[in-house]
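Worksheet: the structure to be examined is printed underneath.
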Amino acid sequence: MNANAPDAQTMKFDGRAFVNGQRVGARDGAVFDCVSPVHGRVLTQVARCGQADVDAAVAAARAAFEDRRWAGLPPTRRKQIMIRFAEQLIAHGDELALTETLDMGKPVRYARGVDVNSAANCIRWYGEAIDKVYDEIAPTASTALALITREPVGVVGVIVPWNYPMIMAAWKIAPALAAGNSVVLKPSEKSPLTALRMAELAMEAGIPAGVLNVVPGFGPEAGSPLALHMDVDCIAFTGSTRVGKQIHVMAGQSNLKRAWTELGGKSPNIVFADCPDLDKAVEAAVGSIFFNQGESCNAPSRLFVEESIREHFLEKALALVPKYAPADPLNANTIMGALVDQVQMATVLRYIEAGKNEGARLLAGGAQVLRDTGGCYVQPTIFDGVRNDMTIAREEIFGPVLSVLSFTDIVEVVRQANQSVYGLQAAVWTRDLNKAHGVARALRAGTVHVNQYDEDDITVPFGGYRQSGVGRDKSLHALDKYTEMKTTWIRIDSPV
Ligand code: NAD
């Protein structure tokens, strides 16, 4: 934090929606309290948008799209503005990071070092990419020319969760805006503040009014009207599998808008006895499940350890646990903060009880802590002796809970790893190349890590198999989601 950084105690927030370039309250004046999980106090009141507000935002987005104030700009111009938008995020990084921490509880060191930087990088990357992607000419007979071109779909509705509010928004709005669309973004009711600020900063950077609108509110009240809207051409959703399924239904029930969903996960992490670096594997197993308080869709929450090294592995893992003791997320040294709210904390504690009741061995943690803060803190928790059919191995907990399973047979561990409704990510640790490639191929997941778990880059697609969703965020592939493919046949009667 620099010397001019805002102060968490005195910061003021504007919870009004952002529609057509202006801050506005909900049309019916409704608001909801935005409560910080850091200390349990109300940060501000936020516009509780509903159908009328979504209609207004979609109308603004449609008007902006139709008059081509954004889509009609040359790609080089959109690029410049998006790069300025990214720079705005960096310039306001301390403010955005503090806001994110207060709003959803993550440690401020990561809000600043990961979330702000990653969101800005994503916006810059798609800005920079958009004047470098070419369309195609098909290899037809010479009597015709067939152009295969990409056009923006129009109005894109975006619905995101609360675990990485800025990054999840950026993964969708960046490719959508780069391609020339207008956007209506509904952030999670649990973390609405940074999205609203991002929209203001986008406009200051030069994105025209109406092109990026933000309607905060609850899922059924503001999210459903967006997913059901007859004038929204595409809905891009990140969130739970339960709601993701409804999004596809709503798309089908309305105008068959394109629906893209990035959903839950229960990612398996398989450590063989011939793992090349056990300490690294332990650090990755523990660090990745406790990062962001375990509130990561791709967290490796099912750890499969080969039985011959299980005890040794767990000894090392337990030695790391105290490092992750929850503490004040506003302290720059803290690496484990607060869960997003009381509801999520109750869910996590319920899963911990289920683990105990179904016979898993609680090795570490398992309890709420720092109660006197008024915030939502749960200890990093490890269960050993977990079976793949237990609730804590099947269902996404979305909290700092690691389920450890052991195995002796490679075929059996791959079968169990794949025995999940999800297929977001997976990992395998071995020094045997054949085993690494063979297992990586056999794992049904959108991303497979080999001998690491933390590689990540905007150039690489992100998304899952099966009920982890439909479509991919990030990389140039994401542009396909926000563009229609057009074929134009031109007859050529060549005089020569
Ligand atoms: P959620 O599904 O409860 O909510 C996500 C968003 O959907 C919120 O904005 C919410 O208001 C909205 N919503 C809820 N009900 C709705 C409805 N009926 N109609 C329209 N919108 C509705 O999920 P969450 O608890 O906010 O987020 C956690 C989930 O997100 C986890 O399952 C996690 O795995 C997933 N996630 C996935 C990825 C990924 O890339 N695959 C990334 C981050 C989070």
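By order of appearance in the structure tokens: chains A, B, ..., then residues from 1 within every chain, and ligands from 1 in the order shown.
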Query raised in the report: Can you tell me which residues sit at most 7 Å away from ligand 1, counting only C-alpha atoms and all ligand atoms, written as number ranges by chain?
Result: A: 159-164, 168, 186-189, 217-220, 222-224, 227, 238-244, 246-247, 262-265, 296-297, 396, 398, 424, 462-464, 468-469
**Report entry** Nearby residues (only C-alpha atoms) at most 6 Å from Pro300 in chain A, same-chain spacing under 4 positions excluded, as a VMD selection string
**Finding:** chain A and resid 267 to 269 289
Requested in this report: Enumerate the residues of range 183-363 of chain A with a DSSP assignment of strand (DSSP E or B), computed from the backbone, and present them as a PyMOL selection string.
Outcome: chain A and resi 183-186+212-214+234-238+258-262+268-271+302-306+361-363
Query raised in the report: as a list in words, which residues of range 219-263 of chain A does DSSP assign to alpha helix (DSSP H)?
Result: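 Those in range 219-263 of chain A that DSSP calls alpha helix (DSSP H) are Ser224, Pro225, Leu226, Ala227, Leu228, Thr241, Arg242, Val243, Gly244, Lys245, Gln246, Ile247, His248, Val249, Met250, Ala251, Gly252 and Gln253 of chain A.
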Store the residues of this selection in a file with all heavy atoms, as a compact mmCIF listing (two decimals), in the first residue's frame.
# COMPACT_ATOMS: atom_id res chain seq x y z
N SER A 224 -32.00 -13.48 -12.83
CA SER A 224 -32.97 -14.17 -13.70
C SER A 224 -33.53 -13.26 -14.80
O SER A 224 -33.60 -13.68 -15.97
CB SER A 224 -34.14 -14.75 -12.89
OG SER A 224 -33.65 -15.72 -12.03
N PRO A 225 -33.93 -12.02 -14.48
CA PRO A 225 -34.41 -11.15 -15.57
C PRO A 225 -33.38 -10.96 -16.68
O PRO A 225 -33.75 -10.82 -17.85
CB PRO A 225 -34.70 -9.82 -14.85
CG PRO A 225 -34.96 -10.19 -13.44
CD PRO A 225 -34.09 -11.38 -13.16
N LEU A 226 -32.11 -10.99 -16.30
CA LEU A 226 -31.06 -10.85 -17.32
C LEU A 226 -30.98 -12.13 -18.16
O LEU A 226 -30.92 -12.08 -19.39
CB LEU A 226 -29.72 -10.58 -16.61
CG LEU A 226 -28.55 -10.05 -17.42
CD1 LEU A 226 -28.92 -8.75 -18.15
CD2 LEU A 226 -27.34 -9.81 -16.50
N ALA A 227 -30.99 -13.28 -17.48
CA ALA A 227 -30.88 -14.55 -18.21
C ALA A 227 -32.12 -14.83 -19.06
O ALA A 227 -32.04 -15.53 -20.07
CB ALA A 227 -30.64 -15.69 -17.22
N LEU A 228 -33.26 -14.28 -18.62
CA LEU A 228 -34.52 -14.51 -19.35
C LEU A 228 -34.80 -13.42 -20.39
O LEU A 228 -35.77 -13.52 -21.14
CB LEU A 228 -35.69 -14.53 -18.36
CG LEU A 228 -35.89 -15.81 -17.54
CD1 LEU A 228 -36.86 -15.55 -16.38
CD2 LEU A 228 -36.41 -16.94 -18.42
N THR A 241 -23.02 -24.93 -9.95
CA THR A 241 -23.62 -25.82 -10.95
C THR A 241 -25.15 -25.77 -10.86
O THR A 241 -25.84 -25.80 -11.88
CB THR A 241 -23.09 -27.25 -10.75
OG1 THR A 241 -21.68 -27.23 -11.06
CG2 THR A 241 -23.79 -28.25 -11.65
N ARG A 242 -25.66 -25.65 -9.63
CA ARG A 242 -27.11 -25.60 -9.45
C ARG A 242 -27.71 -24.43 -10.25
O ARG A 242 -28.64 -24.61 -11.04
CB ARG A 242 -27.45 -25.44 -7.96
CG ARG A 242 -28.93 -25.41 -7.64
CD ARG A 242 -29.18 -25.16 -6.16
NE ARG A 242 -28.74 -23.84 -5.72
CZ ARG A 242 -29.43 -22.72 -5.90
NH1 ARG A 242 -30.60 -22.74 -6.49
NH2 ARG A 242 -28.95 -21.55 -5.48
N VAL A 243 -27.15 -23.24 -10.08
CA VAL A 243 -27.71 -22.08 -10.80
C VAL A 243 -27.33 -22.14 -12.28
O VAL A 243 -28.11 -21.75 -13.14
CB VAL A 243 -27.25 -20.76 -10.14
CG1 VAL A 243 -27.79 -19.57 -10.92
CG2 VAL A 243 -27.72 -20.68 -8.69
N GLY A 244 -26.14 -22.66 -12.57
CA GLY A 244 -25.71 -22.78 -13.97
C GLY A 244 -26.72 -23.56 -14.80
O GLY A 244 -27.03 -23.20 -15.95
N LYS A 245 -27.27 -24.63 -14.22
CA LYS A 245 -28.27 -25.42 -14.95
C LYS A 245 -29.51 -24.56 -15.24
O LYS A 245 -30.10 -24.64 -16.31
CB LYS A 245 -28.67 -26.64 -14.12
CG LYS A 245 -27.58 -27.68 -14.03
CD LYS A 245 -28.04 -28.86 -13.19
CE LYS A 245 -26.93 -29.89 -13.10
NZ LYS A 245 -27.32 -31.08 -12.32
N GLN A 246 -29.87 -23.74 -14.25
CA GLN A 246 -31.05 -22.87 -14.46
C GLN A 246 -30.78 -21.85 -15.57
O GLN A 246 -31.68 -21.47 -16.31
CB GLN A 246 -31.39 -22.13 -13.17
CG GLN A 246 -31.86 -23.03 -12.04
CD GLN A 246 -32.03 -22.25 -10.73
OE1 GLN A 246 -32.29 -21.06 -10.72
NE2 GLN A 246 -31.87 -22.94 -9.62
N ILE A 247 -29.53 -21.41 -15.66
CA ILE A 247 -29.18 -20.41 -16.69
C ILE A 247 -29.45 -21.00 -18.08
O ILE A 247 -30.02 -20.35 -18.95
CB ILE A 247 -27.70 -19.97 -16.54
CG1 ILE A 247 -27.47 -19.24 -15.22
CG2 ILE A 247 -27.24 -19.15 -17.75
CD1 ILE A 247 -28.12 -17.89 -15.08
N HIS A 248 -29.04 -22.27 -18.28
CA HIS A 248 -29.29 -22.88 -19.59
C HIS A 248 -30.79 -23.02 -19.85
O HIS A 248 -31.25 -22.84 -20.97
CB HIS A 248 -28.59 -24.24 -19.67
CG HIS A 248 -27.10 -24.12 -19.81
ND1 HIS A 248 -26.48 -23.74 -20.99
CD2 HIS A 248 -26.09 -24.31 -18.92
CE1 HIS A 248 -25.17 -23.70 -20.81
NE2 HIS A 248 -24.90 -24.04 -19.57
N VAL A 249 -31.54 -23.35 -18.79
CA VAL A 249 -33.00 -23.46 -18.95
C VAL A 249 -33.58 -22.10 -19.33
O VAL A 249 -34.40 -21.98 -20.26
CB VAL A 249 -33.66 -24.00 -17.65
CG1 VAL A 249 -35.18 -23.90 -17.75
CG2 VAL A 249 -33.22 -25.44 -17.39
N MET A 250 -33.13 -21.06 -18.62
CA MET A 250 -33.67 -19.71 -18.88
C MET A 250 -33.33 -19.25 -20.31
O MET A 250 -34.14 -18.61 -20.97
CB MET A 250 -33.16 -18.70 -17.84
CG MET A 250 -33.79 -18.91 -16.47
SD MET A 250 -33.37 -17.59 -15.31
CE MET A 250 -32.08 -18.37 -14.38
N ALA A 251 -32.12 -19.61 -20.75
CA ALA A 251 -31.75 -19.25 -22.13
C ALA A 251 -32.70 -19.94 -23.11
O ALA A 251 -33.16 -19.33 -24.08
CB ALA A 251 -30.31 -19.67 -22.40
N GLY A 252 -33.01 -21.20 -22.83
CA GLY A 252 -33.90 -21.95 -23.71
C GLY A 252 -35.34 -21.48 -23.62
O GLY A 252 -36.06 -21.46 -24.63
N GLN A 253 -35.74 -21.06 -22.42
CA GLN A 253 -37.12 -20.61 -22.23
C GLN A 253 -37.37 -19.27 -22.90
O GLN A 253 -38.51 -18.92 -23.19
CB GLN A 253 -37.39 -20.40 -20.73
CG GLN A 253 -37.86 -21.62 -20.01
CD GLN A 253 -37.96 -21.33 -18.53
OE1 GLN A 253 -37.40 -20.35 -18.03
NE2 GLN A 253 -38.66 -22.18 -17.82
Query - Gap from CA of Ala119 in chain A to CA of Ile173 in chain A - Å, one decimal - result: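 For CA of Ala119 in chain A relative to CA of Ile173 in chain A, the distance reads 10.2 Å.
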Requested in this report: Extract, using only C-alpha atoms, all DNA, RNA and protein residues at most 8 Å from Asn331 in chain A, discarding same-chain residues fewer than 3 positions from it, and format them as a VMD selection string.
Outcome: chain A and resid 107 to 108 327 to 328 334
Residues near Gly294 in chain A, anyone? I mean within 8 Å using only C-alpha atoms, not counting same-chain ones fewer than 2 positions away, as a short mmCIF file (atom, residue, chain, number, x, y, z; two decimals) with N, CA, C and O atoms, in the first residue's frame.
data_model
loop_
_atom_site.label_atom_id
_atom_site.label_comp_id
_atom_site.auth_asym_id
_atom_site.auth_seq_id
_atom_site.Cartn_x
_atom_site.Cartn_y
_atom_site.Cartn_z
N SER A 288 -2.89 -24.66 -2.21
CA SER A 288 -3.95 -24.43 -3.20
C SER A 288 -5.34 -24.61 -2.61
O SER A 288 -6.29 -23.97 -3.08
N ILE A 289 -5.48 -25.45 -1.61
CA ILE A 289 -6.82 -25.60 -1.03
C ILE A 289 -7.10 -24.49 -0.02
O ILE A 289 -8.25 -24.10 0.18
N PHE A 290 -6.05 -23.93 0.58
CA PHE A 290 -6.29 -22.87 1.58
C PHE A 290 -6.21 -21.47 0.97
O PHE A 290 -6.62 -20.50 1.61
N PHE A 291 -5.68 -21.35 -0.24
CA PHE A 291 -5.64 -20.04 -0.88
C PHE A 291 -7.07 -19.51 -1.07
O PHE A 291 -7.98 -20.27 -1.39
N ASN A 292 -7.25 -18.23 -0.83
CA ASN A 292 -8.58 -17.62 -0.97
C ASN A 292 -9.60 -18.30 -0.06
O ASN A 292 -10.77 -18.46 -0.42
N SER A 296 -12.19 -21.33 -4.08
CA SER A 296 -11.72 -21.32 -5.47
C SER A 296 -12.35 -22.52 -6.16
O SER A 296 -12.28 -23.64 -5.65
N ALA A 299 -9.89 -25.36 -6.71
CA ALA A 299 -9.10 -25.84 -5.57
C ALA A 299 -9.01 -27.38 -5.62
O ALA A 299 -10.00 -28.05 -5.87
N PHE A 398 -16.34 -25.38 -0.99
CA PHE A 398 -16.00 -23.97 -1.20
C PHE A 398 -15.58 -23.31 0.11
O PHE A 398 -16.03 -22.25 0.49
N GLY A 399 -14.66 -24.01 0.79
CA GLY A 399 -14.09 -23.51 2.03
C GLY A 399 -12.78 -24.22 2.26
O GLY A 399 -12.38 -25.09 1.48
N PRO A 400 -12.06 -23.87 3.36
CA PRO A 400 -10.71 -24.40 3.58
C PRO A 400 -10.71 -25.81 4.14
O PRO A 400 -10.28 -26.04 5.27
N VAL A 401 -11.22 -26.75 3.37
CA VAL A 401 -11.35 -28.13 3.85
C VAL A 401 -10.73 -29.08 2.82
O VAL A 401 -11.18 -29.17 1.68
#
Residues of range 157-257 of chain A within 7 Å of range 78-91 of chain A: nearest atom pair and distance (Å, one decimal) for each, counting only C-alpha atoms, sorted by chain and number, as a tab-separated table?
residue	atom	partner	partner_atom	distance
A:Ala178	CA	A:Arg78	CA	6.7
A:Leu201	CA	A:Gln88	CA	6.2
A:Ala202	CA	A:Phe85	CA	5.1
A:Ala205	CA	A:Phe85	CA	5.0
A:Gly206	CA	A:Ile81	CA	5.7
A:Ile207	CA	A:Ile81	CA	6.6
Could you save the residues just selected, with all heavy atoms, as a CSV table (one decimal), in the first residue's frame?
chain,number,residue,atom,x,y,z
A,178,ALA,N,-13.9,-6.3,-26.0
A,178,ALA,CA,-12.9,-6.3,-27.1
A,178,ALA,C,-13.5,-6.6,-28.4
A,178,ALA,O,-13.3,-6.0,-29.4
A,178,ALA,CB,-11.8,-7.3,-26.8
A,201,LEU,N,-14.6,3.4,-13.7
A,201,LEU,CA,-13.2,3.5,-14.2
A,201,LEU,C,-13.1,3.3,-15.7
A,201,LEU,O,-12.4,3.9,-16.5
A,201,LEU,CB,-12.2,2.7,-13.5
A,201,LEU,CG,-12.1,3.0,-12.0
A,201,LEU,CD1,-11.3,2.0,-11.3
A,201,LEU,CD2,-11.5,4.4,-11.8
A,202,ALA,N,-14.0,2.3,-16.2
A,202,ALA,CA,-14.0,2.0,-17.6
A,202,ALA,C,-14.5,3.3,-18.4
A,202,ALA,O,-13.9,3.6,-19.5
A,202,ALA,CB,-15.0,0.8,-17.9
A,205,ALA,N,-12.0,5.8,-18.7
A,205,ALA,CA,-10.9,5.5,-19.6
A,205,ALA,C,-11.4,5.7,-21.1
A,205,ALA,O,-10.6,5.6,-22.0
A,205,ALA,CB,-10.6,4.0,-19.5
A,206,GLY,N,-12.7,5.9,-21.3
A,206,GLY,CA,-13.2,6.2,-22.6
A,206,GLY,C,-14.2,5.2,-23.2
A,206,GLY,O,-14.6,5.4,-24.3
A,207,ILE,N,-14.6,4.2,-22.4
A,207,ILE,CA,-15.6,3.3,-22.9
A,207,ILE,C,-16.9,4.1,-22.8
A,207,ILE,O,-17.3,4.6,-21.8
A,207,ILE,CB,-15.6,2.0,-22.0
A,207,ILE,CG1,-14.4,1.2,-22.3
A,207,ILE,CG2,-16.9,1.2,-22.3
A,207,ILE,CD1,-14.3,-0.1,-21.7
**Report entry** Computed interatomic separation between CA of Arg361 in chain A and CA of Leu443 in chain A (Å)
**Finding:**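 Going from CA of Arg361 in chain A over to CA of Leu443 in chain A, I get 27.1 Å.
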**Report entry** Residue with smallest distance to Ser301 in chain A - pool A:Ala129, A:Ala285, A:Ile492, A:Leu177, counting only C-alpha atoms
**Finding:**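 Answer, going by the shortest atom-to-atom distance: A:Ala285.
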**Report entry** Surrounding residues of Ala209 in chain A excluding itself and chain neighbours under 3 positions, 10 Å, only C-alpha atoms, as a ChimeraX atom specification
**Finding:** /A:18-22,60-61,64,69-70,182,199-200,202-204,206,212-213
Query raised in the report: In Å, how far is it from CA of Gln425 in chain A to CA of Thr483 in chain A?
Result: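 These atoms are spaced 26.4 Å apart.
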Leaving out Val428 in chain A and any residue of its chain fewer than 2 positions from it, which residues lie within 6 Å of it when counting only C-alpha atoms, given as an mmCIF file with all heavy atoms, in the first residue's frame?
data_model
loop_
_atom_site.group_PDB
_atom_site.id
_atom_site.type_symbol
_atom_site.label_atom_id
_atom_site.label_comp_id
_atom_site.auth_asym_id
_atom_site.auth_seq_id
_atom_site.Cartn_x
_atom_site.Cartn_y
_atom_site.Cartn_z
ATOM 1 N N ILE A 270 -3.518 -36.070 -7.530
ATOM 2 C CA ILE A 270 -3.007 -37.431 -7.315
ATOM 3 C C ILE A 270 -1.492 -37.398 -7.118
ATOM 4 O O ILE A 270 -0.749 -36.974 -8.025
ATOM 5 C CB ILE A 270 -3.332 -38.331 -8.530
ATOM 6 C CG1 ILE A 270 -4.841 -38.294 -8.818
ATOM 7 C CG2 ILE A 270 -2.843 -39.751 -8.298
ATOM 8 C CD1 ILE A 270 -5.237 -39.004 -10.115
ATOM 9 N N VAL A 271 -1.042 -37.818 -5.958
ATOM 10 C CA VAL A 271 0.402 -37.802 -5.678
ATOM 11 C C VAL A 271 0.905 -39.242 -5.596
ATOM 12 O O VAL A 271 0.525 -39.997 -4.681
ATOM 13 C CB VAL A 271 0.708 -37.063 -4.364
ATOM 14 C CG1 VAL A 271 2.230 -36.950 -4.174
ATOM 15 C CG2 VAL A 271 0.062 -35.685 -4.350
ATOM 16 N N VAL A 450 0.685 -31.154 -14.120
ATOM 17 C CA VAL A 450 1.663 -32.212 -13.860
ATOM 18 C C VAL A 450 2.809 -31.625 -13.047
ATOM 19 O O VAL A 450 3.460 -30.662 -13.468
ATOM 20 C CB VAL A 450 2.192 -32.818 -15.178
ATOM 21 C CG1 VAL A 450 3.247 -33.887 -14.890
ATOM 22 C CG2 VAL A 450 1.039 -33.423 -15.984
#
Report task. Name all residues at most 12 Å from Ala332 in chain A (count only C-alpha atoms; drop same-chain ones fewer than 2 positions away) and give them as a PyMOL selection string. Result -> chain A and resi 1+97-98+101+106-113+327-330+334-337
